[in-house]
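Participant: The structure under discussion is supplied below as structure tokens; questions concerning it will follow.
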Amino acid sequence: MTLNSIGLDTKKTKDLADELNQLLANFQLYYQNLRGIHWNIKGRMFFDLHEKFEELYTDANLKVDEIAERILTLGATPLHTFEDYTKAARVPVGKNISKDEKAVELIVNSLSELLKIERSILEASDEANDEGTNSMMSDFITQQEKTVWMMKAWLGETV
Ligand SMILES: [Fe+2]
């Protein structure tokens, strides 16, 4: 086993960076979904939701940057083209969504996919002793689970 300059197994770190790139790509799609519903939402809930979606995309934007910089910290290159993002797509693409329920469902379905990728990275980073990535995933998961609960509550459903 060879260690890199931050003391992590070189091979495992490369695999982790690849998984983080999958997360980055899907986060960018989630971000774009949020921009789409922020712009296109219609109806009586407009003012509430337009603002809520902005709050969510602002948070997603910060997380995108954190993921990319973690990838660089691990010695790899973050994916940065739309072409690469769409190739890695697991998050559903929301197009022409203007109805409030459909918009909130898109958020829940996007977050469900992100959570799957994050849990896989959580496990792999634990196995690689990569505390930095592990704690980042742990924070993301906790926050996103809470957002899913709130969105589900808005839909009148339970998690
Ligand atoms: Fe705006």
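Convention: chains lettered A, B, ... in structure tokens order; per-chain residue numbering from 1; ligands numbered from 1 as shown.
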With a distance cut-off of 9 Å and only C-alpha atoms, select the neighbouring residues of Leu115 in chain A, excluding the residue or stretch itself and same-chain residues fewer than 2 positions from it, and output the selection as a PyMOL selection string.

Facilitator: chain A and resi 110-113+117-120+140-141+144-145

Participant: Would you save the residues from that selection as a PDB file, in the first residue's frame, using N, CA and C atoms?

Facilitator:
ATOM      1  N   SER A 110     -34.676  14.193  -6.155  1.00  0.00           N
ATOM      2  CA  SER A 110     -33.262  14.522  -6.389  1.00  0.00           C
ATOM      3  C   SER A 110     -32.441  14.213  -5.137  1.00  0.00           C
ATOM      4  N   LEU A 111     -32.947  14.644  -3.984  1.00  0.00           N
ATOM      5  CA  LEU A 111     -32.206  14.420  -2.736  1.00  0.00           C
ATOM      6  C   LEU A 111     -32.081  12.933  -2.418  1.00  0.00           C
ATOM      7  N   SER A 112     -33.100  12.157  -2.754  1.00  0.00           N
ATOM      8  CA  SER A 112     -33.018  10.706  -2.512  1.00  0.00           C
ATOM      9  C   SER A 112     -31.838  10.106  -3.269  1.00  0.00           C
ATOM     10  N   GLU A 113     -31.629  10.553  -4.507  1.00  0.00           N
ATOM     11  CA  GLU A 113     -30.496  10.042  -5.294  1.00  0.00           C
ATOM     12  C   GLU A 113     -29.170  10.521  -4.719  1.00  0.00           C
ATOM     13  N   ILE A 117     -25.751   8.245  -3.141  1.00  0.00           N
ATOM     14  CA  ILE A 117     -24.329   8.411  -3.491  1.00  0.00           C
ATOM     15  C   ILE A 117     -23.529   8.776  -2.235  1.00  0.00           C
ATOM     16  N   GLU A 118     -24.080   9.655  -1.432  1.00  0.00           N
ATOM     17  CA  GLU A 118     -23.377  10.101  -0.220  1.00  0.00           C
ATOM     18  C   GLU A 118     -23.166   8.956   0.774  1.00  0.00           C
ATOM     19  N   ARG A 119     -24.169   8.093   0.907  1.00  0.00           N
ATOM     20  CA  ARG A 119     -24.016   6.955   1.837  1.00  0.00           C
ATOM     21  C   ARG A 119     -22.930   5.996   1.355  1.00  0.00           C
ATOM     22  N   SER A 120     -22.852   5.836   0.053  1.00  0.00           N
ATOM     23  CA  SER A 120     -21.806   4.977  -0.494  1.00  0.00           C
ATOM     24  C   SER A 120     -20.424   5.596  -0.234  1.00  0.00           C
ATOM     25  N   PHE A 140     -23.620  16.483   5.162  1.00  0.00           N
ATOM     26  CA  PHE A 140     -24.543  16.593   4.027  1.00  0.00           C
ATOM     27  C   PHE A 140     -25.766  15.702   4.265  1.00  0.00           C
ATOM     28  N   ILE A 141     -25.505  14.470   4.686  1.00  0.00           N
ATOM     29  CA  ILE A 141     -26.597  13.502   4.879  1.00  0.00           C
ATOM     30  C   ILE A 141     -27.582  14.011   5.930  1.00  0.00           C
ATOM     31  N   GLN A 144     -29.592  16.970   4.523  1.00  0.00           N
ATOM     32  CA  GLN A 144     -30.512  16.617   3.431  1.00  0.00           C
ATOM     33  C   GLN A 144     -31.661  15.747   3.907  1.00  0.00           C
ATOM     34  N   GLU A 145     -31.384  14.899   4.890  1.00  0.00           N
ATOM     35  CA  GLU A 145     -32.479  14.104   5.456  1.00  0.00           C
ATOM     36  C   GLU A 145     -33.533  15.037   6.056  1.00  0.00           C
TER      37      GLU A 145
END

Participant: May I ask you to write as a PyMOL selection string all residues lying at most 8 Å from ligand 1, with only C-alpha atoms and all ligand atoms counted?

Facilitator: chain A and resi 35+38-39+50-51+54

Participant: Go ahead and save the residues from that selection, with C-alpha atoms, as an mmCIF file, in the first residue's frame.

Facilitator:
data_model
loop_
_atom_site.group_PDB
_atom_site.id
_atom_site.type_symbol
_atom_site.label_atom_id
_atom_site.label_comp_id
_atom_site.auth_asym_id
_atom_site.auth_seq_id
_atom_site.Cartn_x
_atom_site.Cartn_y
_atom_site.Cartn_z
ATOM 1 C CA ARG A 35 -32.881 27.116 -10.581
ATOM 2 C CA HIS A 38 -37.197 28.927 -8.816
ATOM 3 C CA TRP A 39 -37.773 30.523 -12.214
ATOM 4 C CA HIS A 50 -39.643 31.112 -5.177
ATOM 5 C CA GLU A 51 -37.771 32.208 -2.065
ATOM 6 C CA GLU A 54 -33.440 30.207 -3.866
#

Participant: Work out how far apart CA of Asn4 in chain A and CA of Leu62 in chain A are and give it in Å to one decimal.

Facilitator: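 Taking CA of Asn4 in chain A and CA of Leu62 in chain A, their separation equals 27.1 Å.
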
Participant: Excluding same-chain residues fewer than 4 positions from range 99-107 of chain A, what lies within 8 Å of it counting only C-alpha atoms, as a list in words?

Facilitator: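 That gives Tyr30, Asn33, Leu34, Ile37, Ile41, Lys42, Gly43, Met45, Leu49, Pro92, Gly94, Leu111, Val148, Met151 and Leu155 of chain A.
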
Participant: What are the DSSP helix (DSSP H, G or I) residues of range 70-141 of chain A, as JSON, numbers by chain?

Facilitator: {"A": [70, 71, 72, 73, 82, 83, 84, 85, 86, 87, 100, 101, 102, 103, 104, 105, 106, 107, 108, 109, 110, 111, 112, 113, 114, 115, 116, 117, 118, 119, 120, 121, 122, 123, 124, 125, 126, 127, 131, 132, 133, 134, 135, 136, 137, 138, 139, 140, 141]}

Participant: For Met137 in chain A, please output as a VMD selection string all residues within 12 Å (counting only C-alpha atoms; exclusion window: fewer than 2 positions along the same chain).

Facilitator: chain A and resid 16 19 to 20 23 63 66 to 67 70 114 to 126 130 to 135 139 to 145

Participant: For the atom pair CA of Ala88 in chain A and CA of Asp15 in chain A, what is the interatomic distance in Å to one decimal place?

Facilitator: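 Spanning CA of Ala88 in chain A to CA of Asp15 in chain A is a straight-line distance of 15.4 Å.
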
Participant: Which is closer to Asp59 in chain A than all the others in A:Gly156, A:Ser138, A:Phe27, A:Lys14, using only C-alpha atoms?

Facilitator: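 Selected residue with least distance to Asp59 in chain A: A:Phe27.
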
Participant: Quick one: residues within 10 Å of Gln32 in chain A, only C-alpha atoms, excluding same-chain residues fewer than 6 positions away - as a list in words?

Facilitator: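 What passes the distance filter is Asn26, His38, Tyr57, Ala60, Asn61, Val93 and Gly94 of chain A.
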